[in-house]
$ cat final04.tsv   # TSV, C-alpha atoms
chain	number	residue	atom	x	y	z
C	1	MET	CA	81.68	77.94	90.81
C	2	LYS	CA	80.11	80.95	89.26
C	3	GLY	CA	80.55	84.48	90.52
C	4	THR	CA	80.10	88.01	89.38
C	5	GLY	CA	83.27	89.67	90.56
C	6	GLY	CA	86.83	89.22	91.65
C	7	LEU	CA	85.88	88.89	95.29
C	8	ILE	CA	83.28	86.22	94.60
C	9	ARG	CA	85.71	84.28	92.43
C	10	GLY	CA	88.23	84.46	95.24
C	11	GLY	CA	85.71	83.38	97.85
C	12	ARG	CA	84.52	80.34	96.04
C	13	ALA	CA	88.05	79.10	95.54
C	14	VAL	CA	88.67	78.57	99.17
C	15	GLY	CA	87.18	76.07	101.57
C	16	GLY	CA	87.56	75.91	105.33
C	17	TRP	CA	88.56	73.31	107.84
C	18	LEU	CA	89.44	72.83	111.59
C	19	GLY	CA	89.57	70.71	114.82
C	20	ARG	CA	91.92	70.75	117.73
C	21	VAL	CA	95.68	70.99	117.72
C	22	SER	CA	97.56	67.97	119.01
C	23	ARG	CA	101.00	66.44	119.09
C	24	PHE	CA	101.62	63.55	116.77
C	25	ARG	CA	100.31	60.33	118.26
C	26	LYS	CA	100.40	56.84	116.86
C	27	PRO	CA	98.03	56.64	113.88
C	28	GLN	CA	94.70	54.97	114.40
C	29	ALA	CA	94.63	51.19	114.24
C	30	GLN	CA	94.54	49.64	110.80
C	31	ALA	CA	95.89	46.62	108.99
C	32	SER	CA	99.68	46.98	109.18
C	33	PRO	CA	101.82	46.30	106.11
C	34	ALA	CA	104.08	43.28	106.26
C	35	SER	CA	107.50	43.90	107.75
C	36	GLY	CA	109.66	45.80	105.27
C	37	GLU	CA	106.74	46.66	102.98
C	38	PRO	CA	106.73	50.33	101.98
C	39	ARG	CA	104.05	52.51	103.52
C	40	ILE	CA	103.15	55.09	100.87
C	41	GLY	CA	101.94	58.45	102.10
C	42	LEU	CA	100.29	61.13	99.97
C	43	ALA	CA	100.79	64.83	100.80
C	44	LEU	CA	98.35	67.20	99.08
C	45	GLY	CA	99.02	70.91	98.79
C	46	GLY	CA	96.58	73.73	98.22
C	47	GLY	CA	95.54	75.30	94.94
C	48	PHE	CA	92.02	76.72	95.26
C	49	ALA	CA	89.91	75.36	92.40
C	50	ARG	CA	93.02	73.79	90.91
C	51	GLY	CA	93.04	71.44	93.90
C	52	ILE	CA	90.43	69.41	92.01
C	53	ALA	CA	93.45	67.89	90.23
C	54	HIS	CA	94.11	65.89	93.42
C	55	ALA	CA	91.08	63.74	92.57
C	56	GLY	CA	92.82	62.66	89.38
C	57	VAL	CA	95.93	61.61	91.33
C	58	LEU	CA	93.78	59.55	93.68
C	59	ARG	CA	91.90	57.98	90.78
C	60	ALA	CA	95.13	56.85	89.11
C	61	PHE	CA	96.48	55.34	92.33
C	62	GLU	CA	93.21	53.57	93.04
C	63	GLN	CA	92.72	52.19	89.54
C	64	HIS	CA	96.25	50.80	89.45
C	65	GLY	CA	96.17	49.28	92.90
C	66	ILE	CA	98.70	51.57	94.59
C	67	PRO	CA	98.01	51.34	98.34
C	68	ILE	CA	97.89	54.61	100.26
C	69	TYR	CA	98.90	54.07	103.87
C	70	ALA	CA	98.31	57.65	105.08
C	71	ILE	CA	97.30	61.02	103.67
C	72	ALA	CA	97.69	64.66	104.70
C	73	GLY	CA	96.52	67.94	103.22
C	74	VAL	CA	96.53	71.69	103.51
C	75	SER	CA	93.95	74.16	102.20
C	76	SER	CA	91.99	72.60	99.30
C	77	GLY	CA	94.22	69.55	99.66
C	78	ALA	CA	92.94	69.15	103.21
C	79	MET	CA	89.38	68.85	101.96
C	80	VAL	CA	90.36	66.22	99.39
C	81	ALA	CA	92.54	64.31	101.86
C	82	ALA	CA	89.81	64.17	104.50
C	83	ALA	CA	87.17	63.12	101.99
C	84	TYR	CA	89.33	60.30	100.65
C	85	ALA	CA	90.39	59.10	104.10
C	86	SER	CA	86.72	59.00	105.10
C	87	GLY	CA	85.82	56.70	102.21
C	88	THR	CA	84.63	59.17	99.57
C	89	SER	CA	85.64	57.97	96.10
C	90	PRO	CA	87.77	60.06	93.72
C	91	GLY	CA	84.78	60.33	91.39
C	92	GLU	CA	82.60	61.73	94.17
C	93	ILE	CA	85.33	64.20	95.08
C	94	GLN	CA	85.57	65.29	91.46
C	95	ARG	CA	81.83	65.86	91.15
C	96	ALA	CA	81.67	67.82	94.40
C	97	GLY	CA	84.59	70.04	93.42
C	98	CYS	CA	83.23	70.79	89.96
C	99	SER	CA	79.76	71.68	91.26
C	100	MET	CA	80.74	73.71	94.33
C	101	ARG	CA	79.35	77.23	94.64
C	102	PHE	CA	80.47	80.06	96.89
C	103	ASN	CA	77.28	79.98	98.92
C	104	ASP	CA	77.93	76.31	99.69
C	105	VAL	CA	81.01	77.12	101.74
C	106	ALA	CA	80.88	80.74	102.84
C	107	ARG	CA	78.89	83.91	103.27
C	108	TRP	CA	79.96	87.50	102.87
C	109	THR	CA	80.05	89.45	106.11
C	110	ILE	CA	81.35	92.70	107.56
C	111	SER	CA	84.34	91.98	109.76
C	112	ARG	CA	87.72	93.46	110.54
C	113	MET	CA	89.20	89.95	110.33
C	114	GLY	CA	88.09	88.91	106.85
C	115	LEU	CA	85.52	89.34	104.12
C	116	ALA	CA	83.76	86.01	104.53
C	117	ALA	CA	82.76	83.54	107.23
C	118	SER	CA	83.12	79.81	106.62
C	119	GLU	CA	80.50	78.20	108.88
C	120	ARG	CA	78.57	77.08	105.80
C	121	MET	CA	81.48	74.81	104.97
C	122	GLU	CA	80.34	72.35	107.64
C	123	PRO	CA	77.04	71.30	105.95
C	124	PHE	CA	78.94	70.95	102.68
C	125	LEU	CA	81.52	68.70	104.35
C	126	LEU	CA	78.83	66.65	106.04
C	127	LYS	CA	77.62	65.72	102.56
C	128	LEU	CA	81.08	65.14	101.10
C	129	LEU	CA	82.70	63.12	103.89
C	130	LYS	CA	81.60	59.65	105.00
C	131	LYS	CA	83.13	59.97	108.48
C	132	TYR	CA	83.72	63.06	110.60
C	133	ARG	CA	86.28	62.14	113.25
C	134	PHE	CA	89.97	61.35	112.84
C	135	GLU	CA	89.70	58.06	114.72
C	136	GLU	CA	86.99	56.86	112.30
C	137	MET	CA	89.02	57.38	109.13
C	138	ARG	CA	89.92	54.29	107.11
C	139	ILE	CA	93.55	55.45	106.81
C	140	PRO	CA	95.57	57.85	109.01
C	141	LEU	CA	94.82	61.47	108.19
C	142	ALA	CA	96.54	64.75	109.09
C	143	ILE	CA	95.25	68.24	108.40
C	144	VAL	CA	97.55	71.24	108.74
C	145	ALA	CA	96.55	74.81	109.60
C	146	THR	CA	98.74	77.74	110.70
C	147	ASP	CA	98.73	79.26	114.19
C	148	LEU	CA	98.53	82.99	113.51
C	149	ALA	CA	100.29	83.96	116.75
C	150	SER	CA	103.27	81.60	116.62
C	151	GLY	CA	103.49	81.20	112.86
C	152	GLN	CA	103.94	77.46	113.38
C	153	PRO	CA	102.01	74.61	111.77
C	154	ALA	CA	98.99	73.39	113.74
C	155	VAL	CA	98.74	69.69	112.89
C	156	PHE	CA	95.48	67.86	113.57
C	157	HIS	CA	95.32	64.06	113.55
C	158	GLY	CA	94.67	60.99	115.66
C	159	SER	CA	91.33	61.85	117.26
C	160	GLY	CA	88.69	64.55	117.33
C	161	ASP	CA	86.45	66.36	114.88
C	162	VAL	CA	87.79	66.91	111.36
C	163	LEU	CA	85.42	69.68	110.26
C	164	MET	CA	86.96	72.49	112.27
C	165	PRO	CA	90.53	71.67	111.15
C	166	ILE	CA	89.44	71.70	107.52
C	167	ARG	CA	87.84	75.13	107.88
C	168	ALA	CA	91.01	76.42	109.53
C	169	SER	CA	93.33	74.94	106.93
C	170	CYS	CA	91.40	76.74	104.18
C	171	ALA	CA	91.05	80.11	105.94
C	172	TYR	CA	92.80	82.13	103.25
C	173	PRO	CA	94.12	85.33	104.89
C	174	GLY	CA	92.21	88.46	103.96
C	175	LEU	CA	89.30	86.52	102.48
C	176	TYR	CA	88.16	84.20	105.26
C	177	GLN	CA	88.07	85.12	108.90
C	178	PRO	CA	90.55	83.14	111.02
C	179	VAL	CA	89.07	80.16	112.85
C	180	ARG	CA	89.26	80.22	116.64
C	181	ASN	CA	90.39	77.13	118.50
C	182	ASN	CA	91.17	77.04	122.23
C	183	GLY	CA	92.16	80.69	122.29
C	184	SER	CA	94.21	80.52	119.09
C	185	PHE	CA	93.49	82.00	115.69
C	186	LEU	CA	94.14	79.58	112.84
C	187	VAL	CA	94.53	80.36	109.14
C	188	ASP	CA	95.47	78.63	105.88
C	189	GLY	CA	97.87	75.75	106.46
C	190	ALA	CA	99.92	76.68	103.40
C	191	MET	CA	101.24	79.71	105.27
C	192	ALA	CA	103.39	77.44	107.46
C	193	MET	CA	103.59	74.19	105.44
C	194	GLU	CA	102.91	74.45	101.73
C	195	ILE	CA	103.00	70.66	101.24
C	196	PRO	CA	102.44	68.47	104.35
C	197	ALA	CA	105.16	65.95	103.48
C	198	ARG	CA	106.61	65.97	107.00
C	199	ALA	CA	103.15	65.53	108.52
C	200	VAL	CA	102.37	62.41	106.48
C	201	ARG	CA	105.80	60.96	107.25
C	202	GLU	CA	105.12	61.49	110.96
C	203	LEU	CA	101.98	59.40	110.50
C	204	GLY	CA	104.22	56.46	109.64
C	205	ALA	CA	104.73	56.69	105.88
C	206	THR	CA	108.11	55.39	104.71
C	207	HIS	CA	107.71	56.80	101.18
C	208	VAL	CA	106.07	60.17	100.53
C	209	VAL	CA	104.53	61.31	97.26
C	210	SER	CA	103.84	65.05	97.34
C	211	VAL	CA	101.43	66.74	94.95
C	212	HIS	CA	102.42	70.32	94.21
C	213	ILE	CA	100.01	72.70	92.50
C	214	PRO	CA	101.79	76.05	92.23
C	215	MET	CA	99.79	79.23	91.90
C	216	PRO	CA	99.58	80.71	88.41
C	217	CYS	CA	102.21	83.37	87.91
C	218	LEU	CA	100.97	86.92	87.50
C	219	VAL	CA	101.80	88.13	84.03
C	220	SER	CA	100.72	91.73	84.49
C	221	THR	CA	100.28	94.34	87.15
C	222	PRO	CA	98.04	93.13	90.01
C	223	ARG	CA	94.46	94.25	89.48
C	224	ASN	CA	92.83	93.46	92.82
C	225	LEU	CA	93.39	92.39	96.43
C	226	PHE	CA	93.56	88.72	95.56
C	227	HIS	CA	96.26	89.21	92.96
C	228	VAL	CA	98.35	90.95	95.60
C	229	VAL	CA	97.77	88.29	98.27
C	230	ASN	CA	98.38	85.45	95.80
C	231	ARG	CA	101.69	86.98	94.79
C	232	CYS	CA	102.68	87.30	98.45
C	233	PHE	CA	101.92	83.59	98.89
C	234	GLN	CA	104.12	82.76	95.91
C	235	ILE	CA	107.02	84.70	97.36
C	236	LEU	CA	106.61	83.13	100.79
C	237	GLN	CA	106.29	79.59	99.47
C	238	SER	CA	109.34	79.90	97.24
C	239	ARG	CA	111.36	80.42	100.44
C	240	THR	CA	109.95	77.33	102.19
C	241	GLU	CA	109.92	74.94	99.24
C	242	PRO	CA	113.25	73.20	100.07
C	243	SER	CA	111.93	72.01	103.44
C	244	TRP	CA	109.01	70.00	102.07
C	245	ARG	CA	110.95	68.72	99.09
C	246	GLU	CA	113.53	67.29	101.49
C	247	CYS	CA	110.77	65.20	103.12
C	248	SER	CA	109.41	63.97	99.77
C	249	ASP	CA	110.52	60.97	97.71
C	250	ILE	CA	108.57	62.02	94.62
C	251	VAL	CA	107.00	65.36	93.78
C	252	ILE	CA	104.40	65.37	91.03
C	253	GLU	CA	103.16	68.58	89.50
C	254	PRO	CA	100.13	68.33	87.19
C	255	ASP	CA	100.30	70.53	84.13
C	256	LEU	CA	97.60	73.14	84.76
C	257	GLN	CA	98.94	75.84	82.51
C	258	GLY	CA	96.21	78.13	81.27
C	259	MET	CA	93.89	77.22	84.14
C	260	SER	CA	93.37	80.01	86.64
C	261	TRP	CA	93.18	79.52	90.39
C	262	ASP	CA	89.37	79.92	90.26
C	263	ALA	CA	88.75	77.79	87.15
C	264	PHE	CA	86.06	75.53	88.56
C	265	ASP	CA	84.60	75.25	85.07
C	266	CYS	CA	87.79	73.40	84.06
C	267	GLY	CA	87.37	70.75	86.74
C	268	ASP	CA	87.33	67.76	84.40
C	269	GLN	CA	90.49	68.92	82.62
C	270	MET	CA	92.24	69.45	85.94
C	271	VAL	CA	91.33	65.94	87.09
C	272	ALA	CA	92.71	64.58	83.82
C	273	ALA	CA	95.95	66.50	84.37
C	274	GLY	CA	96.26	65.10	87.89
C	275	GLU	CA	95.67	61.58	86.65
C	276	ALA	CA	98.28	61.94	83.89
C	277	ALA	CA	100.87	63.21	86.36
C	278	ALA	CA	100.19	60.30	88.70
C	279	LEU	CA	100.41	57.74	85.89
C	280	ALA	CA	103.87	59.07	85.04
C	281	VAL	CA	105.23	58.17	88.49
C	282	LEU	CA	103.61	54.73	88.76
C	283	PRO	CA	106.62	52.80	87.39
C	284	ARG	CA	108.84	54.21	90.10
C	285	ILE	CA	106.26	53.54	92.82
C	286	ARG	CA	105.83	49.97	91.57
C	287	ARG	CA	109.57	49.51	92.01
C	288	TRP	CA	109.15	50.49	95.66
C	289	LEU	CA	106.53	47.80	96.06
C	290	GLU	CA	108.48	45.18	94.14
C	291	ASP	CA	111.75	45.84	95.96
C	292	ALA	CA	109.96	46.19	99.32
C	293	PRO	CA	112.51	48.54	100.90
C	294	SER	CA	112.16	49.12	104.62
C	295	ALA	CA	113.50	52.66	104.71
C	296	LYS	CA	113.01	55.96	102.97
C	297	VAL	CA	114.39	56.10	99.46
C	298	THR	CA	117.50	58.29	99.45
C	299	LEU	CA	117.21	59.52	95.88
C	300	PRO	CA	116.48	63.25	95.62
C	301	ALA	CA	112.87	64.15	95.03
C	302	GLU	CA	112.02	64.51	91.38
C	303	THR	CA	109.29	66.72	89.99
C	304	LEU	CA	107.24	65.24	87.18
C	305	ARG	CA	105.17	67.64	85.12
C	306	VAL	CA	103.06	65.91	82.48
C	307	THR	CA	101.95	67.76	79.39
C	308	GLY	CA	99.45	66.87	76.76

$ encode --input "final04.tsv" --output "structure tokens"
Amino acid sequence: MKGTGGLIRGGRAVGGWLGRVSRFRKPQAQASPASGEPRIGLALGGGFARGIAHAGVLRAFEQHGIPIYAIAGVSSGAMVAAAYASGTSPGEIQRAGCSMRFNDVARWTISRMGLAASERMEPFLLKLLKKYRFEEMRIPLAIVATDLASGQPAVFHGSGDVLMPIRASCAYPGLYQPVRNNGSFLVDGAMAMEIPARAVRELGATHVVSVHIPMPCLVSTPRNLFHVVNRCFQILQSRTEPSWRECSDIVIEPDLQGMSWDAFDCGDQMVAAGEAAALAVLPRIRRWLEDAPSAKVTLPAETLRVTG
């Protein structure tokens, strides 16, 4: 994404998503694993442009035959999760992420609620996704936004439109206007659930692999609004990290050092970093499949950061 200022760089880094809030229901019908076979769920966090690394994780799993039973996402991870669940290939996701432009997903506007509106996200998603309703997805999908009034996660899954939940999940506070849904205002899912590990487990996954893409640390005094908001997110998420790690069996963290949160021009490198991180956990995941446990692994979650 190319921009001419800090605000434009911030705007292009965020997508939008939304639908209707619902309680967890049984996931949509699909071929059930054999009794005792592990059901691997993938939980994708946010990361702005750095979320392109999720495509590399998916590519590694797909190329090495690792079955994904269910998937959930927040913020940029929600866009990737929905695309993959709909049947979009990792390569297609990579190309879309690397070529995205701010005008594809948003427009600047004058509003007391945010600097940009996200209605343009819907045509972009209609091109990226193969299916547009939860019940049509090839694997169970959950998208998480945050209810601005209650501060609680708003989890979308099971049935209904996926486009509105995606817009809501990516409604970065201060940049995008909140998305209205049945009288509620919804914003970025990472505010309430940085990594949707619990959501994907509620979909029926017995083993959860979480992909964590932390924001780059600020190394100097904040220079604009987005530096300030990003730092606030870092502080908030450091307080909630134990909760999603507790629901995860493996946490992988691609090495994206030196790549800024709006580095769309580094898309190919970020995909490679995601793929390398996923390859590092494959031996452990293969042991799950070979041993065919019927319950959640009790080992503490391990974070694998791959360098090089």

$ closest_atom_pairs --input "final04.tsv" --of "segment 51-93 of chain C" --to "segment 131-144 of chain C" --cutoff "7 Å" --atoms "all atoms listed in the file" --output "JSON lines"
{"residue": "C:Tyr69", "atom": "CA", "partner": "C:Ile139", "partner_atom": "CA", "distance": 6.3}
{"residue": "C:Ala70", "atom": "CA", "partner": "C:Pro140", "partner_atom": "CA", "distance": 4.8}
{"residue": "C:Ile71", "atom": "CA", "partner": "C:Leu141", "partner_atom": "CA", "distance": 5.2}
{"residue": "C:Ala72", "atom": "CA", "partner": "C:Ala142", "partner_atom": "CA", "distance": 4.5}
{"residue": "C:Gly73", "atom": "CA", "partner": "C:Ile143", "partner_atom": "CA", "distance": 5.3}
{"residue": "C:Val74", "atom": "CA", "partner": "C:Val144", "partner_atom": "CA", "distance": 5.3}
{"residue": "C:Ala78", "atom": "CA", "partner": "C:Ile143", "partner_atom": "CA", "distance": 5.8}
{"residue": "C:Ala82", "atom": "CA", "partner": "C:Leu141", "partner_atom": "CA", "distance": 6.8}
{"residue": "C:Ala85", "atom": "CA", "partner": "C:Met137", "partner_atom": "CA", "distance": 5.5}
{"residue": "C:Ser86", "atom": "CA", "partner": "C:Met137", "partner_atom": "CA", "distance": 4.9}
{"residue": "C:Gly87", "atom": "CA", "partner": "C:Arg138", "partner_atom": "CA", "distance": 6.8}

$ atom_distance --input "final04.tsv" --atom1 "atom CA of His207 of chain C" --atom2 "atom CA of Glu37 of chain C"
10.3 Å

$ atom_distance --input "final04.tsv" --atom1 "atom CA of Gly97 of chain C" --atom2 "atom CA of Gly267 of chain C"
7.3 Å

$ residues_around --input "final04.tsv" --residues "segment 38-48 of chain C" --least-positions-apart "5" --cutoff "6 Å" --atoms "all atoms listed in the file" --output "list in words"
Ala13, Val14, Ile68, Tyr69, Ala70, Ile71, Ala72, Gly73, Val74, Ser75, Ser76, Gly77, Ile195, Pro196, Ala197, Val200, Ala205, Thr206, His207, Val208, Val209, Ser210, Val211, His212, Ile213, Trp261 and Ala292 of chain C

$ closest_residue --input "final04.tsv" --among "C:Gln177, C:Ser248, C:Thr88, C:Thr221" --to "Arg201 of chain C" --atoms "only C-alpha atoms"
C:Ser248

$ residues_around --input "final04.tsv" --residues "segment 61-67 of chain C" --least-positions-apart "2" --cutoff "9 Å" --atoms "all atoms listed in the file" --output "compact mmCIF listing (two decimals) with C-alpha atoms, in the coordinates of the input"
# COMPACT_ATOMS: atom_id res chain seq x y z
CA ARG C 39 104.05 52.51 103.52
CA ILE C 40 103.15 55.09 100.87
CA GLY C 41 101.94 58.45 102.10
CA GLY C 56 92.82 62.66 89.38
CA VAL C 57 95.93 61.61 91.33
CA LEU C 58 93.78 59.55 93.68
CA ARG C 59 91.90 57.98 90.78
CA TYR C 69 98.90 54.07 103.87
CA PRO C 90 87.77 60.06 93.72
CA GLU C 275 95.67 61.58 86.65
CA ALA C 278 100.19 60.30 88.70
CA LEU C 279 100.41 57.74 85.89
CA LEU C 282 103.61 54.73 88.76
CA ILE C 285 106.26 53.54 92.82
CA ARG C 286 105.83 49.97 91.57
CA LEU C 289 106.53 47.80 96.06

$ atom_distance --input "final04.tsv" --atom1 "atom CA of Arg287 of chain C" --atom2 "atom CA of Arg50 of chain C"
29.4 Å

$ closest_residue --input "final04.tsv" --among "C:Val155, C:Val229, C:Ala145, C:Met215" --to "Gly174 of chain C" --atoms "only C-alpha atoms"
C:Val229

$ closest_residue --input "final04.tsv" --among "C:Arg284, C:Asp265, C:Met270, C:Met191" --to "Glu241 of chain C" --atoms "all atoms listed in the file"
C:Met191
